[in-house]
$ cat coords.txt   # compact mmCIF, C-alpha atoms
# COMPACT_ATOMS: atom_id res chain seq x y z
CA MET C 227 -18.11 15.56 1.41
CA HIS C 228 -17.63 12.10 -0.08
CA PRO C 229 -20.19 9.27 -0.26
CA ALA C 230 -20.16 6.70 2.55
CA GLY C 231 -17.56 4.00 2.03
CA THR C 232 -15.43 5.92 -0.47
CA THR C 233 -11.78 5.16 0.17
CA LEU C 234 -9.89 8.42 0.37
CA LYS C 235 -6.18 8.96 0.20
CA ILE C 236 -3.65 11.67 0.84
CA ASN C 237 -0.49 11.46 -1.24
CA TYR C 238 2.60 12.38 0.74
CA GLY C 239 5.01 11.77 -2.15
CA SER C 240 6.66 8.57 -0.99
CA TYR C 241 3.50 7.01 0.48
CA ASN C 242 -0.28 7.37 0.66
CA HIS C 243 -2.46 7.62 3.74
CA TYR C 244 -5.92 6.02 3.49
CA GLY C 245 -9.26 6.42 5.18
CA ILE C 246 -12.94 5.70 4.59
CA ALA C 247 -15.54 8.46 4.22
CA ASP C 248 -18.57 8.10 6.48
CA GLY C 249 -20.81 10.07 4.09
CA LEU C 250 -21.32 12.85 6.65
CA GLY C 251 -18.06 14.75 6.15
CA LYS C 252 -15.89 12.62 8.39
CA VAL C 253 -13.17 10.03 7.69
CA ILE C 254 -12.41 6.86 9.63
CA HIS C 255 -8.75 5.91 9.38
CA ASN C 256 -5.96 4.11 11.18
CA SER C 257 -3.78 6.98 12.28
CA LYS C 258 -0.07 6.56 12.87
CA LYS C 259 -0.23 9.91 14.71
CA TYR C 260 -2.66 8.54 17.31
CA PHE C 261 -1.67 4.85 16.92
CA LYS C 262 -5.28 3.74 16.50
CA VAL C 263 -8.36 3.93 14.28
CA ILE C 264 -10.05 7.30 14.72
CA GLU C 265 -12.80 9.35 13.11
CA GLU C 266 -12.20 12.98 12.23
CA THR C 267 -13.37 15.63 9.79
CA GLU C 268 -12.19 15.47 6.18
CA LYS C 269 -10.31 18.72 6.83
CA ASP C 270 -8.43 17.25 9.81
CA PHE C 271 -7.77 14.00 7.89
CA SER C 272 -6.27 15.93 4.96
CA GLU C 273 -3.91 18.05 7.08
CA GLY C 274 -4.09 20.69 4.34
CA GLU C 275 -3.29 18.26 1.51
CA ASP C 276 -5.58 17.38 -1.39
CA ILE C 277 -7.95 14.49 -0.75
CA LEU C 278 -7.94 11.98 -3.59
CA VAL C 279 -10.30 9.07 -4.24
CA SER C 280 -8.56 5.70 -4.09
CA ASN C 281 -9.15 2.70 -6.34
CA ILE C 282 -9.53 0.50 -3.25
CA THR C 283 -13.23 -0.31 -3.07
CA SER C 284 -15.76 -3.09 -2.86
CA GLU C 285 -19.17 -3.97 -4.26
CA SER C 286 -20.84 -2.34 -1.25
CA PRO C 287 -18.90 0.75 -0.17
CA SER C 288 -21.63 1.96 2.22
CA LYS C 289 -21.31 -1.35 4.08
CA ALA C 290 -17.54 -0.70 4.33
CA ALA C 291 -18.27 2.57 6.16
CA MET C 292 -20.39 0.72 8.72
CA ILE C 293 -17.72 -1.95 9.15
CA ALA C 294 -14.99 0.70 9.49
CA SER C 295 -16.82 2.33 12.40
CA ARG C 296 -16.72 -0.99 14.30
CA TYR C 297 -12.92 -0.78 14.36
CA LEU C 298 -12.66 2.59 16.11
CA GLY C 299 -9.87 2.28 18.66
CA MET C 300 -8.15 -0.66 16.92
CA PRO C 301 -4.36 -0.21 17.38
CA TYR C 302 -2.00 0.86 14.60
CA SER C 303 0.91 -1.29 13.43
CA LEU C 304 2.99 -0.41 10.37
CA PHE C 305 3.46 -4.02 9.26
CA PHE C 306 0.21 -5.64 10.43
CA SER C 307 -2.50 -3.01 10.87
CA ASN C 308 -1.79 0.24 9.07
CA CYS C 309 -4.19 2.55 7.22
CA GLU C 310 -4.10 0.49 4.00
CA HIS C 311 -4.71 -2.78 5.88
CA PHE C 312 -7.64 -1.06 7.60
CA VAL C 313 -9.42 0.16 4.45
CA ARG C 314 -9.00 -3.23 2.77
CA LEU C 315 -10.34 -4.98 5.88
CA SER C 316 -13.34 -2.64 5.96
CA HIS C 317 -14.10 -3.36 2.29
CA GLY C 318 -13.81 -7.12 2.81
CA LEU C 319 -10.71 -7.36 0.59
CA ASP C 320 -7.46 -9.24 1.18
CA VAL C 321 -5.83 -7.50 4.12
CA GLU C 322 -2.49 -6.39 2.77
CA SER C 323 -0.44 -3.27 2.39
CA THR C 324 0.90 -3.00 -1.13
CA GLN C 325 2.99 0.00 -0.06
CA VAL C 326 4.78 -1.99 2.64
CA GLN C 327 5.23 -4.92 0.22
CA GLN C 328 6.76 -2.63 -2.40
CA TYR C 329 9.20 -1.00 0.03
CA LEU C 330 10.30 -4.26 1.62
CA LEU C 331 10.76 -6.06 -1.71
CA CYS C 332 12.65 -3.12 -3.18
CA ALA C 333 14.98 -3.04 -0.15
CA LEU C 334 15.43 -6.81 -0.23
CA GLY C 335 16.34 -6.81 -3.92
CA ALA C 336 18.72 -3.88 -3.52
CA GLY C 337 20.39 -5.46 -0.49
CA ILE C 338 20.94 -8.78 -2.27
CA ALA C 339 22.20 -7.04 -5.42
CA LEU C 340 24.71 -5.02 -3.42
CA GLU C 341 25.96 -7.92 -1.30
CA SER C 342 26.15 -10.71 -3.87
CA LYS C 343 29.34 -11.41 -5.80
CA ASN C 344 27.40 -13.42 -8.39
CA LYS C 345 26.43 -11.33 -11.46
CA ASP C 346 23.34 -13.46 -12.19
CA ILE C 347 22.08 -13.02 -8.62
CA GLN C 348 22.75 -9.28 -8.89
CA VAL C 349 20.69 -9.07 -12.09
CA LEU C 350 17.82 -11.10 -10.62
CA ALA C 351 17.85 -9.12 -7.36
CA GLY C 352 17.85 -5.90 -9.36
CA ALA C 353 14.81 -7.20 -11.23
CA VAL C 354 13.03 -7.71 -7.90
CA SER C 355 13.75 -4.09 -6.92
CA LEU C 356 12.77 -2.73 -10.31
CA GLY C 357 9.56 -4.78 -10.41
CA ALA C 358 8.58 -3.47 -6.98
CA LEU C 359 9.43 0.13 -7.88
CA LEU C 360 7.44 0.03 -11.12
CA THR C 361 4.30 -1.43 -9.55
CA PRO C 362 1.49 1.12 -9.63
CA SER C 363 0.17 2.35 -6.31
CA GLU C 364 -2.49 0.12 -4.70
CA GLU C 365 -1.48 -2.95 -6.73
CA ASN C 366 0.21 -6.06 -5.37
CA PRO C 367 3.86 -6.01 -6.55
CA PHE C 368 4.35 -9.78 -6.87
CA LYS C 369 2.97 -10.05 -10.43
CA ASN C 370 5.33 -7.32 -11.68
CA ILE C 371 8.25 -8.88 -9.84
CA GLY C 372 7.48 -12.26 -11.43
CA THR C 373 7.45 -10.65 -14.86
CA ALA C 374 10.70 -8.76 -14.17
CA LEU C 375 12.36 -11.96 -12.93
CA ALA C 376 11.26 -13.86 -16.04
CA ILE C 377 12.67 -11.14 -18.30
CA ALA C 378 15.94 -10.98 -16.34
CA ALA C 379 16.31 -14.78 -16.41
CA GLY C 380 15.65 -14.73 -20.15
CA ILE C 381 18.34 -12.11 -20.66
CA ILE C 382 20.81 -14.16 -18.60
CA VAL C 383 20.08 -17.30 -20.67
CA LEU C 384 20.25 -15.43 -23.98
CA SER C 385 23.56 -13.78 -23.02
CA ARG C 386 25.04 -17.24 -22.46
CA ILE C 387 23.73 -18.57 -25.77
CA ILE C 388 25.05 -15.59 -27.71
CA LYS C 389 28.57 -15.90 -26.20
$ encode --input "coords.txt" --output "C-alpha cells"
Amino acid sequence: MHPAGTTLKINYGSYNHYGIADGLGKVIHNSKKYFKVIEETEKDFSEGEDILVSNITSESPSKAAMIASRYLGMPYSLFFSNCEHFVRLSHGLDVESTQVQQYLLCALGAGIALESKNKDIQVLAGAVSLGALLTPSEENPFKNIGTALAIAAGIIVLSRIIK
C-alpha cells in the first residue's frame, strides 16, 4: 500500500500508465480500458505488472489524492485527458502528457526527414526525432529538442565553413 497522493506507474515497455494512490490500497486512474477515471485496488491497477513510483508529484500529495477522487467518471481521451494528464491535473501541475508529446514529435521529425529533399531539413528533422526519443520519461521533450536543433544547426554551419 502506497501513501495517499503517491503517483504510481506501470511500465508497459513503450509507454507508462499512471494513477494516484488513495493511501488505503486503491488507485485512482484514467483508464483507457473503461474510458473514464476509476478507482480500483492496486492489484487490479497493476494487472500483474510491477508498480513503480513516479517522479510526478506536488508539494501536497495527500491533497492530490482528494482532488483525484473528485474526477471519478471523467472521460478518457488519449490526446486531451489521458492517465498522465489526470495525475498532473490532480497534483496541480501543468496538464500535459510528455509521452504523447514525445511520440508525436518523434513521428513529425521522422516524417519530415523522410519526405524532404533538402539535406539540411532532413538533418534538422532528424534532430527533432532524436531529441524526442532521448528525452527521459516524465520530462517535457521541448528542451531536449531545442538543444538537438541547436547542435544540428551548428553542425550544418560548420560543415559549410569547413568546405
$ residues_around --input "coords.txt" --residues "Leu359 in chain C" --least-positions-apart "6" --cutoff "9 Å" --atoms "all atoms listed in the file" --output "list in words"
Gln328, Tyr329, Leu331, Cys332 and Pro367 of chain C
$ residues_near_point --input "coords.txt" --point "(15.7, -6.4, -4.4)" --cutoff "12 Å" --atoms "all atoms listed in the file" --output "compact mmCIF listing (two decimals) with C-alpha atoms, keeping the file's coordinate frame"
# COMPACT_ATOMS: atom_id res chain seq x y z
CA GLN C 327 5.23 -4.92 0.22
CA GLN C 328 6.76 -2.63 -2.40
CA TYR C 329 9.20 -1.00 0.03
CA LEU C 330 10.30 -4.26 1.62
CA LEU C 331 10.76 -6.06 -1.71
CA CYS C 332 12.65 -3.12 -3.18
CA ALA C 333 14.98 -3.04 -0.15
CA LEU C 334 15.43 -6.81 -0.23
CA GLY C 335 16.34 -6.81 -3.92
CA ALA C 336 18.72 -3.88 -3.52
CA GLY C 337 20.39 -5.46 -0.49
CA ILE C 338 20.94 -8.78 -2.27
CA ALA C 339 22.20 -7.04 -5.42
CA LEU C 340 24.71 -5.02 -3.42
CA GLU C 341 25.96 -7.92 -1.30
CA SER C 342 26.15 -10.71 -3.87
CA ILE C 347 22.08 -13.02 -8.62
CA GLN C 348 22.75 -9.28 -8.89
CA VAL C 349 20.69 -9.07 -12.09
CA LEU C 350 17.82 -11.10 -10.62
CA ALA C 351 17.85 -9.12 -7.36
CA GLY C 352 17.85 -5.90 -9.36
CA ALA C 353 14.81 -7.20 -11.23
CA VAL C 354 13.03 -7.71 -7.90
CA SER C 355 13.75 -4.09 -6.92
CA LEU C 356 12.77 -2.73 -10.31
CA GLY C 357 9.56 -4.78 -10.41
CA ALA C 358 8.58 -3.47 -6.98
CA LEU C 359 9.43 0.13 -7.88
CA ILE C 371 8.25 -8.88 -9.84
CA ALA C 374 10.70 -8.76 -14.17
CA LEU C 375 12.36 -11.96 -12.93
$ closest_residue --input "coords.txt" --among "C:Thr232, C:Met227, C:Ser288, C:Phe271" --to "Leu250 in chain C" --atoms "all atoms listed in the file"
C:Met227
$ residues_around --input "coords.txt" --residues "Gly299 in chain C" --least-positions-apart "5" --cutoff "9 Å" --atoms "all atoms listed in the file" --output "PDB file with C-alpha atoms, keeping the file's coordinate frame"
ATOM      1  CA  ASN C 256      -5.960   4.110  11.180  1.00  0.00           C
ATOM      2  CA  PHE C 261      -1.670   4.850  16.920  1.00  0.00           C
ATOM      3  CA  LYS C 262      -5.280   3.740  16.500  1.00  0.00           C
ATOM      4  CA  VAL C 263      -8.360   3.930  14.280  1.00  0.00           C
ATOM      5  CA  ILE C 264     -10.050   7.300  14.720  1.00  0.00           C
TER       6      ILE C 264
END
$ atom_distance --input "coords.txt" --atom1 "CA of Arg296 in chain C" --atom2 "CA of Tyr244 in chain C"
16.8 Å
$ residues_around --input "coords.txt" --residues "Tyr238 in chain C" --least-positions-apart "3" --cutoff "10 Å" --atoms "all atoms listed in the file" --output "PyMOL selection string"
chain C and resi 235+241-243+275-276
$ write_last_selection --input "coords.txt" --atoms "C-alpha atoms" --output "PDB file, in the frame of the given file"
ATOM      1  CA  LYS C 235      -6.180   8.960   0.200  1.00  0.00           C
ATOM      2  CA  TYR C 241       3.500   7.010   0.480  1.00  0.00           C
ATOM      3  CA  ASN C 242      -0.280   7.370   0.660  1.00  0.00           C
ATOM      4  CA  HIS C 243      -2.460   7.620   3.740  1.00  0.00           C
ATOM      5  CA  GLU C 275      -3.290  18.260   1.510  1.00  0.00           C
ATOM      6  CA  ASP C 276      -5.580  17.380  -1.390  1.00  0.00           C
TER       7      ASP C 276
END
$ closest_residue --input "coords.txt" --among "C:Ser363, C:Ser286, C:Ser295, C:Asn344" --to "Ser323 in chain C" --atoms "all atoms listed in the file"
C:Ser363
$ atom_distance --input "coords.txt" --atom1 "CA of Lys269 in chain C" --atom2 "CA of Phe312 in chain C"
20.0 Å
$ residues_around --input "coords.txt" --residues "Val313 in chain C" --least-positions-apart "4" --cutoff "10 Å" --atoms "only C-alpha atoms" --output "number ranges by chain"
C: 231-234, 244-246, 254-256, 282-283, 290-291, 293-294, 307-309, 317-319, 321-323
$ closest_residue --input "coords.txt" --among "C:Gln325, C:Ile388, C:Asp346, C:Glu266" --to "Pro362 in chain C" --atoms "all atoms listed in the file"
C:Gln325
$ residues_around --input "coords.txt" --residues "Lys252 in chain C" --least-positions-apart "4" --cutoff "7 Å" --atoms "only C-alpha atoms" --output "number ranges by chain"
C: 247-248, 265-268
$ atom_distance --input "coords.txt" --atom1 "CA of Lys258 in chain C" --atom2 "CA of Phe305 in chain C"
11.7 Å
$ build_atoms --input "coords.txt" --residues "range 356-368 of chain C" --atoms "N, CA, C and O atoms" --output "PDB file, in the frame of the given file"
ATOM      1  N   LEU C 356      13.400  -3.478  -9.217  1.00  0.00           N
ATOM      2  CA  LEU C 356      12.770  -2.730 -10.310  1.00  0.00           C
ATOM      3  C   LEU C 356      11.294  -3.080 -10.443  1.00  0.00           C
ATOM      4  O   LEU C 356      10.452  -2.201 -10.609  1.00  0.00           O
ATOM      5  N   GLY C 357      10.965  -4.361 -10.346  1.00  0.00           N
ATOM      6  CA  GLY C 357       9.560  -4.780 -10.410  1.00  0.00           C
ATOM      7  C   GLY C 357       8.736  -4.150  -9.310  1.00  0.00           C
ATOM      8  O   GLY C 357       7.608  -3.704  -9.523  1.00  0.00           O
ATOM      9  N   ALA C 358       9.290  -4.084  -8.106  1.00  0.00           N
ATOM     10  CA  ALA C 358       8.580  -3.470  -6.980  1.00  0.00           C
ATOM     11  C   ALA C 358       8.412  -1.959  -7.199  1.00  0.00           C
ATOM     12  O   ALA C 358       7.332  -1.408  -6.987  1.00  0.00           O
ATOM     13  N   LEU C 359       9.489  -1.312  -7.655  1.00  0.00           N
ATOM     14  CA  LEU C 359       9.430   0.130  -7.880  1.00  0.00           C
ATOM     15  C   LEU C 359       8.436   0.527  -8.962  1.00  0.00           C
ATOM     16  O   LEU C 359       7.804   1.580  -8.884  1.00  0.00           O
ATOM     17  N   LEU C 360       8.304  -0.303  -9.985  1.00  0.00           N
ATOM     18  CA  LEU C 360       7.440   0.030 -11.120  1.00  0.00           C
ATOM     19  C   LEU C 360       5.987  -0.410 -10.931  1.00  0.00           C
ATOM     20  O   LEU C 360       5.162  -0.177 -11.805  1.00  0.00           O
ATOM     21  N   THR C 361       5.679  -1.022  -9.813  1.00  0.00           N
ATOM     22  CA  THR C 361       4.300  -1.430  -9.550  1.00  0.00           C
ATOM     23  C   THR C 361       3.467  -0.203  -9.221  1.00  0.00           C
ATOM     24  O   THR C 361       3.829   0.577  -8.340  1.00  0.00           O
ATOM     25  N   PRO C 362       2.355  -0.035  -9.933  1.00  0.00           N
ATOM     26  CA  PRO C 362       1.490   1.120  -9.630  1.00  0.00           C
ATOM     27  C   PRO C 362       0.965   1.068  -8.193  1.00  0.00           C
ATOM     28  O   PRO C 362       0.775  -0.003  -7.625  1.00  0.00           O
ATOM     29  N   SER C 363       0.727   2.226  -7.657  1.00  0.00           N
ATOM     30  CA  SER C 363       0.170   2.350  -6.310  1.00  0.00           C
ATOM     31  C   SER C 363      -1.107   1.525  -6.185  1.00  0.00           C
ATOM     32  O   SER C 363      -1.891   1.450  -7.130  1.00  0.00           O
ATOM     33  N   GLU C 364      -1.301   0.900  -5.048  1.00  0.00           N
ATOM     34  CA  GLU C 364      -2.490   0.120  -4.700  1.00  0.00           C
ATOM     35  C   GLU C 364      -2.567  -1.238  -5.398  1.00  0.00           C
ATOM     36  O   GLU C 364      -3.567  -1.917  -5.309  1.00  0.00           O
ATOM     37  N   GLU C 365      -1.507  -1.635  -6.105  1.00  0.00           N
ATOM     38  CA  GLU C 365      -1.480  -2.950  -6.730  1.00  0.00           C
ATOM     39  C   GLU C 365      -0.427  -3.821  -6.053  1.00  0.00           C
ATOM     40  O   GLU C 365       0.636  -3.348  -5.665  1.00  0.00           O
ATOM     41  N   ASN C 366      -0.720  -5.106  -5.956  1.00  0.00           N
ATOM     42  CA  ASN C 366       0.210  -6.060  -5.370  1.00  0.00           C
ATOM     43  C   ASN C 366       1.442  -6.166  -6.274  1.00  0.00           C
ATOM     44  O   ASN C 366       1.307  -6.360  -7.480  1.00  0.00           O
ATOM     45  N   PRO C 367       2.655  -6.038  -5.725  1.00  0.00           N
ATOM     46  CA  PRO C 367       3.860  -6.010  -6.550  1.00  0.00           C
ATOM     47  C   PRO C 367       4.342  -7.377  -7.062  1.00  0.00           C
ATOM     48  O   PRO C 367       5.196  -7.443  -7.938  1.00  0.00           O
ATOM     49  N   PHE C 368       3.796  -8.470  -6.540  1.00  0.00           N
ATOM     50  CA  PHE C 368       4.350  -9.780  -6.870  1.00  0.00           C
ATOM     51  C   PHE C 368       4.212 -10.152  -8.347  1.00  0.00           C
ATOM     52  O   PHE C 368       5.099 -10.793  -8.908  1.00  0.00           O
TER      53      PHE C 368
END
